[in-house]
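S.K.: Take a look at this one; I'll ask things after.
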Amino acid sequence: NDGDLALIKQQSTADDGDIVVAIIDDSVTLKRYFRESSRIRLQAENPEFKPIYSQDVKVLGKLSHIIREY
């Protein structure tokens, strides 16, 4: 959500379903990570956003915690 603070654990690997910070085409994104047969799918939690498919994804870290103020 807008205004949330994401705490990221720095690492270069991810398992299916992990929420990761990834670099794709010189852009950084926070998405759920899934390995498919010939590509990686990065899926947003917001269903209004389409998934990103790529064979060239660099994982920078994994989501550890979300801090949200109410």
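Please note that chains go A, B, ... in the order of the structure tokens, that every chain numbers its residues from 1, and that ligands are numbered from 1 in the order shown.
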Write out as a CSV table (one decimal) with all heavy atoms, in the first residue's frame which residues come within 12 Å of A:Asn1 when counting only C-alpha atoms, dropping same-chain ones fewer than 4 positions away.
M.R.:
```csv
chain,number,residue,atom,x,y,z
A,5,LEU,N,6.3,0.7,4.5
A,5,LEU,CA,7.8,0.7,4.5
A,5,LEU,C,8.2,-0.8,4.4
A,5,LEU,O,7.7,-1.6,5.2
A,5,LEU,CB,8.4,1.2,5.8
A,5,LEU,CG,9.9,1.2,6.0
A,5,LEU,CD1,10.6,2.0,4.9
A,5,LEU,CD2,10.2,1.7,7.3
A,6,ALA,N,8.9,-1.2,3.3
A,6,ALA,CA,9.3,-2.6,3.1
A,6,ALA,C,10.7,-2.8,3.6
A,6,ALA,O,11.6,-2.0,3.2
A,6,ALA,CB,9.2,-2.9,1.6
A,30,LEU,N,9.2,-4.6,-6.8
A,30,LEU,CA,8.9,-5.5,-5.7
A,30,LEU,C,7.7,-6.3,-6.1
A,30,LEU,O,6.6,-5.8,-6.3
A,30,LEU,CB,8.5,-4.6,-4.5
A,30,LEU,CG,8.2,-5.4,-3.2
A,30,LEU,CD1,9.5,-6.1,-2.7
A,30,LEU,CD2,7.7,-4.5,-2.1
A,44,ALA,N,2.6,-9.1,-9.4
A,44,ALA,CA,2.2,-8.0,-8.4
A,44,ALA,C,1.1,-8.6,-7.5
A,44,ALA,O,0.3,-9.4,-7.9
A,44,ALA,CB,1.7,-6.8,-9.1
A,45,GLU,N,1.1,-8.1,-6.3
A,45,GLU,CA,0.0,-8.5,-5.4
A,45,GLU,C,-1.3,-7.8,-5.8
A,45,GLU,O,-2.4,-8.4,-5.5
A,45,GLU,CB,0.3,-8.0,-3.9
A,45,GLU,CG,1.5,-8.8,-3.3
A,45,GLU,CD,1.2,-10.3,-3.2
A,45,GLU,OE1,0.3,-10.6,-2.3
A,45,GLU,OE2,1.7,-11.1,-3.9
A,46,ASN,N,-1.3,-6.7,-6.5
A,46,ASN,CA,-2.4,-6.0,-6.9
A,46,ASN,C,-2.9,-6.6,-8.2
A,46,ASN,O,-2.2,-6.6,-9.2
A,46,ASN,CB,-2.1,-4.5,-7.2
A,46,ASN,CG,-3.3,-3.7,-7.6
A,46,ASN,OD1,-4.3,-4.2,-8.1
A,46,ASN,ND2,-3.2,-2.4,-7.4
A,66,ILE,N,6.8,-5.8,6.5
A,66,ILE,CA,6.1,-4.6,6.0
A,66,ILE,C,5.7,-3.8,7.3
A,66,ILE,O,5.2,-4.3,8.2
A,66,ILE,CB,4.8,-4.9,5.2
A,66,ILE,CG1,5.2,-5.4,3.8
A,66,ILE,CG2,4.0,-3.6,5.0
A,66,ILE,CD1,5.7,-4.4,2.8
A,67,ILE,N,6.1,-2.5,7.3
A,67,ILE,CA,5.7,-1.6,8.4
A,67,ILE,C,4.6,-0.7,7.8
A,67,ILE,O,4.8,0.0,6.8
A,67,ILE,CB,6.9,-0.8,8.9
A,67,ILE,CG1,7.9,-1.8,9.5
A,67,ILE,CG2,6.4,0.2,10.0
A,67,ILE,CD1,9.2,-1.1,9.9
A,68,ARG,N,3.5,-0.7,8.5
A,68,ARG,CA,2.3,0.1,8.0
A,68,ARG,C,1.8,0.9,9.2
A,68,ARG,O,1.6,0.4,10.3
A,68,ARG,CB,1.2,-0.8,7.5
A,68,ARG,CG,0.0,-0.1,7.0
A,68,ARG,CD,-1.0,-1.1,6.3
A,68,ARG,NE,-0.3,-1.6,5.1
A,68,ARG,CZ,-0.7,-2.7,4.6
A,68,ARG,NH1,-1.7,-3.5,5.0
A,68,ARG,NH2,-0.1,-3.2,3.5
A,69,GLU,N,1.6,2.2,9.0
A,69,GLU,CA,1.0,3.1,10.0
A,69,GLU,C,-0.5,3.2,9.8
A,69,GLU,O,-1.0,3.3,8.7
A,69,GLU,CB,1.6,4.5,10.0
A,69,GLU,CG,3.1,4.5,10.4
A,69,GLU,CD,3.6,5.9,10.6
A,69,GLU,OE1,2.9,6.8,11.0
A,69,GLU,OE2,4.8,6.0,10.2
A,70,TYR,N,-1.3,3.1,10.9
A,70,TYR,CA,-2.7,3.3,10.8
A,70,TYR,C,-3.2,4.5,11.5
A,70,TYR,O,-2.6,5.1,12.3
A,70,TYR,CB,-3.4,2.1,11.5
A,70,TYR,CG,-3.2,0.8,10.8
A,70,TYR,CD1,-2.1,0.0,11.1
A,70,TYR,CD2,-4.0,0.4,9.7
A,70,TYR,CE1,-1.9,-1.2,10.5
A,70,TYR,CE2,-3.7,-0.8,9.1
A,70,TYR,CZ,-2.7,-1.6,9.5
A,70,TYR,OH,-2.5,-2.8,8.8
```
S.K.: Identify, on the basis of only C-alpha atoms, every residue whose closest approach to A:Ser27 does not exceed 12 Å; exclude the query and any residue fewer than 5 positions from it along the same chain; express the result as a list of chain:residue names.
M.R.: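 Returned residues: A:Val21, A:Ala22, A:Ile52, A:Asp56, A:Val57, A:Lys58, A:Val59, A:Leu60.
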S.K.: Could you turn the residues from that selection into a file that holds N, CA and C atoms, as an mmCIF file, in the first residue's frame?
M.R.:
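Dumped to part_29.cif:
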```
data_model
loop_
_atom_site.group_PDB
_atom_site.id
_atom_site.type_symbol
_atom_site.label_atom_id
_atom_site.label_comp_id
_atom_site.auth_asym_id
_atom_site.auth_seq_id
_atom_site.Cartn_x
_atom_site.Cartn_y
_atom_site.Cartn_z
ATOM 1 N N VAL A 21 12.795 -8.039 -4.316
ATOM 2 C CA VAL A 21 13.200 -6.850 -5.055
ATOM 3 C C VAL A 21 14.042 -7.366 -6.208
ATOM 4 N N ALA A 22 13.656 -7.025 -7.424
ATOM 5 C CA ALA A 22 14.342 -7.541 -8.611
ATOM 6 C C ALA A 22 14.625 -6.422 -9.596
ATOM 7 N N ILE A 52 4.961 -9.660 -15.017
ATOM 8 C CA ILE A 52 6.126 -9.372 -15.845
ATOM 9 C C ILE A 52 6.824 -10.705 -16.101
ATOM 10 N N ASP A 56 15.716 -12.677 -17.892
ATOM 11 C CA ASP A 56 16.860 -11.960 -17.312
ATOM 12 C C ASP A 56 16.402 -11.152 -16.101
ATOM 13 N N VAL A 57 16.333 -11.820 -14.946
ATOM 14 C CA VAL A 57 15.906 -11.195 -13.695
ATOM 15 C C VAL A 57 17.041 -11.333 -12.698
ATOM 16 N N LYS A 58 17.417 -10.232 -12.059
ATOM 17 C CA LYS A 58 18.415 -10.270 -11.000
ATOM 18 C C LYS A 58 17.720 -9.971 -9.679
ATOM 19 N N VAL A 59 17.777 -10.916 -8.742
ATOM 20 C CA VAL A 59 17.180 -10.737 -7.421
ATOM 21 C C VAL A 59 18.173 -9.984 -6.543
ATOM 22 N N LEU A 60 17.701 -8.888 -5.934
ATOM 23 C CA LEU A 60 18.535 -8.106 -5.020
ATOM 24 C C LEU A 60 18.266 -8.456 -3.562
#
```
S.K.: Got a sec: who's within 12 Å of A:Ser37, counting only C-alpha atoms, leaving out chain neighbours fewer than 4 positions off, as a list of chain:residue names?
M.R.: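 The residues satisfying every condition are A:Arg41, A:Tyr53, A:Ser54, A:Gln55.
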S.K.: Please produce an output containing N, CA, C and O atoms for each residue in the selection, written as a PDB file, in the first residue's frame.
M.R.:
```pdb
ATOM      1  N   ARG A  41       8.434 -15.383 -13.796  1.00  0.00           N
ATOM      2  CA  ARG A  41       7.225 -14.542 -13.737  1.00  0.00           C
ATOM      3  C   ARG A  41       7.281 -13.745 -12.447  1.00  0.00           C
ATOM      4  O   ARG A  41       7.443 -14.295 -11.370  1.00  0.00           O
ATOM      5  N   TYR A  53       7.127 -10.997 -17.352  1.00  0.00           N
ATOM      6  CA  TYR A  53       7.824 -12.223 -17.726  1.00  0.00           C
ATOM      7  C   TYR A  53       9.189 -11.857 -18.274  1.00  0.00           C
ATOM      8  O   TYR A  53       9.307 -10.942 -19.092  1.00  0.00           O
ATOM      9  N   SER A  54      10.229 -12.583 -17.841  1.00  0.00           N
ATOM     10  CA  SER A  54      11.575 -12.296 -18.320  1.00  0.00           C
ATOM     11  C   SER A  54      12.472 -13.513 -18.101  1.00  0.00           C
ATOM     12  O   SER A  54      12.237 -14.317 -17.202  1.00  0.00           O
ATOM     13  N   GLN A  55      13.484 -13.605 -18.914  1.00  0.00           N
ATOM     14  CA  GLN A  55      14.525 -14.612 -18.715  1.00  0.00           C
ATOM     15  C   GLN A  55      15.734 -13.999 -18.030  1.00  0.00           C
ATOM     16  O   GLN A  55      16.645 -14.703 -17.627  1.00  0.00           O
TER      17      GLN A  55
END
```
S.K.: Pick out each residue of chain A that DSSP on the backbone tags as strand (DSSP E or B); I need them as a PyMOL selection string.
M.R.: chain A and resi 5-10+19-24+27-35+40-43+52-54+58-67
S.K.: Generate a file of the selected residues that holds N, CA and C atoms, formatted as an mmCIF file, in the first residue's frame.
M.R.:
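Below is the file part-v2.cif, written as the result:
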```cif
data_model
loop_
_atom_site.group_PDB
_atom_site.id
_atom_site.type_symbol
_atom_site.label_atom_id
_atom_site.label_comp_id
_atom_site.auth_asym_id
_atom_site.auth_seq_id
_atom_site.Cartn_x
_atom_site.Cartn_y
_atom_site.Cartn_z
ATOM 1 N N LEU A 5 6.338 0.749 4.481
ATOM 2 C CA LEU A 5 7.787 0.656 4.491
ATOM 3 C C LEU A 5 8.159 -0.815 4.380
ATOM 4 N N ALA A 6 8.906 -1.183 3.339
ATOM 5 C CA ALA A 6 9.298 -2.573 3.112
ATOM 6 C C ALA A 6 10.720 -2.776 3.616
ATOM 7 N N LEU A 7 10.901 -3.787 4.467
ATOM 8 C CA LEU A 7 12.238 -4.156 4.935
ATOM 9 C C LEU A 7 12.697 -5.359 4.113
ATOM 10 N N ILE A 8 13.863 -5.236 3.507
ATOM 11 C CA ILE A 8 14.362 -6.227 2.569
ATOM 12 C C ILE A 8 15.634 -6.865 3.114
ATOM 13 N N LYS A 9 15.683 -8.208 3.074
ATOM 14 C CA LYS A 9 16.901 -8.943 3.418
ATOM 15 C C LYS A 9 17.691 -9.124 2.130
ATOM 16 N N GLN A 10 18.923 -8.612 2.102
ATOM 17 C CA GLN A 10 19.736 -8.695 0.895
ATOM 18 C C GLN A 10 20.111 -10.150 0.626
ATOM 19 N N ILE A 19 8.402 -12.847 -2.112
ATOM 20 C CA ILE A 19 8.289 -11.471 -2.593
ATOM 21 C C ILE A 19 9.701 -10.905 -2.602
ATOM 22 N N VAL A 20 10.134 -10.434 -3.768
ATOM 23 C CA VAL A 20 11.525 -10.028 -3.949
ATOM 24 C C VAL A 20 11.630 -8.626 -4.534
ATOM 25 N N VAL A 21 12.795 -8.039 -4.316
ATOM 26 C CA VAL A 21 13.200 -6.850 -5.055
ATOM 27 C C VAL A 21 14.042 -7.366 -6.208
ATOM 28 N N ALA A 22 13.656 -7.025 -7.424
ATOM 29 C CA ALA A 22 14.342 -7.541 -8.611
ATOM 30 C C ALA A 22 14.625 -6.422 -9.596
ATOM 31 N N ILE A 23 15.690 -6.620 -10.365
ATOM 32 C CA ILE A 23 16.027 -5.700 -11.455
ATOM 33 C C ILE A 23 15.664 -6.372 -12.768
ATOM 34 N N ILE A 24 14.917 -5.630 -13.608
ATOM 35 C CA ILE A 24 14.567 -6.074 -14.953
ATOM 36 C C ILE A 24 14.712 -4.867 -15.865
ATOM 37 N N SER A 27 15.151 -1.475 -14.400
ATOM 38 C CA SER A 27 14.094 -1.025 -13.492
ATOM 39 C C SER A 27 14.071 -1.931 -12.278
ATOM 40 N N VAL A 28 13.757 -1.346 -11.122
ATOM 41 C CA VAL A 28 13.664 -2.118 -9.883
ATOM 42 C C VAL A 28 12.192 -2.264 -9.514
ATOM 43 N N THR A 29 11.806 -3.464 -9.080
ATOM 44 C CA THR A 29 10.409 -3.725 -8.744
ATOM 45 C C THR A 29 10.315 -4.646 -7.537
ATOM 46 N N LEU A 30 9.207 -4.592 -6.838
ATOM 47 C CA LEU A 30 8.897 -5.471 -5.712
ATOM 48 C C LEU A 30 7.716 -6.335 -6.134
ATOM 49 N N LYS A 31 7.981 -7.623 -6.363
ATOM 50 C CA LYS A 31 6.946 -8.525 -6.886
ATOM 51 C C LYS A 31 7.130 -9.932 -6.316
ATOM 52 N N ARG A 32 6.092 -10.751 -6.459
ATOM 53 C CA ARG A 32 6.162 -12.163 -6.084
ATOM 54 C C ARG A 32 6.859 -12.924 -7.216
ATOM 55 N N TYR A 33 7.786 -13.807 -6.847
ATOM 56 C CA TYR A 33 8.709 -14.477 -7.782
ATOM 57 C C TYR A 33 8.255 -15.908 -8.047
ATOM 58 N N PHE A 34 8.199 -16.286 -9.333
ATOM 59 C CA PHE A 34 7.849 -17.660 -9.723
ATOM 60 C C PHE A 34 8.728 -18.099 -10.885
ATOM 61 N N ARG A 35 9.349 -19.266 -10.765
ATOM 62 C CA ARG A 35 10.101 -19.859 -11.868
ATOM 63 C C ARG A 35 9.127 -20.633 -12.743
ATOM 64 N N ILE A 40 11.067 -16.366 -15.890
ATOM 65 C CA ILE A 40 10.659 -15.983 -14.542
ATOM 66 C C ILE A 40 9.409 -15.124 -14.670
ATOM 67 N N ARG A 41 8.434 -15.383 -13.796
ATOM 68 C CA ARG A 41 7.225 -14.542 -13.737
ATOM 69 C C ARG A 41 7.281 -13.745 -12.447
ATOM 70 N N LEU A 42 7.157 -12.430 -12.565
ATOM 71 C CA LEU A 42 7.063 -11.542 -11.415
ATOM 72 C C LEU A 42 5.633 -11.042 -11.352
ATOM 73 N N GLN A 43 4.954 -11.397 -10.273
ATOM 74 C CA GLN A 43 3.522 -11.155 -10.142
ATOM 75 C C GLN A 43 3.272 -10.112 -9.062
ATOM 76 N N ILE A 52 4.961 -9.660 -15.017
ATOM 77 C CA ILE A 52 6.126 -9.372 -15.845
ATOM 78 C C ILE A 52 6.824 -10.705 -16.101
ATOM 79 N N TYR A 53 7.127 -10.997 -17.352
ATOM 80 C CA TYR A 53 7.824 -12.223 -17.726
ATOM 81 C C TYR A 53 9.189 -11.857 -18.274
ATOM 82 N N SER A 54 10.229 -12.583 -17.841
ATOM 83 C CA SER A 54 11.575 -12.296 -18.320
ATOM 84 C C SER A 54 12.472 -13.513 -18.101
ATOM 85 N N LYS A 58 17.417 -10.232 -12.059
ATOM 86 C CA LYS A 58 18.415 -10.270 -11.000
ATOM 87 C C LYS A 58 17.720 -9.971 -9.679
ATOM 88 N N VAL A 59 17.777 -10.916 -8.742
ATOM 89 C CA VAL A 59 17.180 -10.737 -7.421
ATOM 90 C C VAL A 59 18.173 -9.984 -6.543
ATOM 91 N N LEU A 60 17.701 -8.888 -5.934
ATOM 92 C CA LEU A 60 18.535 -8.106 -5.020
ATOM 93 C C LEU A 60 18.266 -8.456 -3.562
ATOM 94 N N GLY A 61 17.039 -8.904 -3.266
ATOM 95 C CA GLY A 61 16.699 -9.222 -1.885
ATOM 96 C C GLY A 61 15.291 -9.758 -1.773
ATOM 97 N N LYS A 62 14.973 -10.204 -0.559
ATOM 98 C CA LYS A 62 13.677 -10.809 -0.261
ATOM 99 C C LYS A 62 12.966 -9.983 0.804
ATOM 100 N N LEU A 63 11.665 -9.799 0.618
ATOM 101 C CA LEU A 63 10.869 -9.043 1.585
ATOM 102 C C LEU A 63 10.893 -9.748 2.933
ATOM 103 N N SER A 64 11.225 -8.998 3.968
ATOM 104 C CA SER A 64 11.290 -9.542 5.320
ATOM 105 C C SER A 64 10.079 -9.099 6.149
ATOM 106 N N HIS A 65 9.772 -7.803 6.102
ATOM 107 C CA HIS A 65 8.666 -7.247 6.884
ATOM 108 C C HIS A 65 8.058 -6.050 6.146
ATOM 109 N N ILE A 66 6.810 -5.778 6.452
ATOM 110 C CA ILE A 66 6.130 -4.550 6.011
ATOM 111 C C ILE A 66 5.749 -3.781 7.268
ATOM 112 N N ILE A 67 6.077 -2.506 7.278
ATOM 113 C CA ILE A 67 5.669 -1.620 8.370
ATOM 114 C C ILE A 67 4.612 -0.685 7.821
#
```
S.K.: Atom CA of A:Ala14 and atom CA of A:Glu48 are how many Å apart?
M.R.: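 Answer for the atom CA of A:Ala14 to atom CA of A:Glu48 separation: 24.0 Å.
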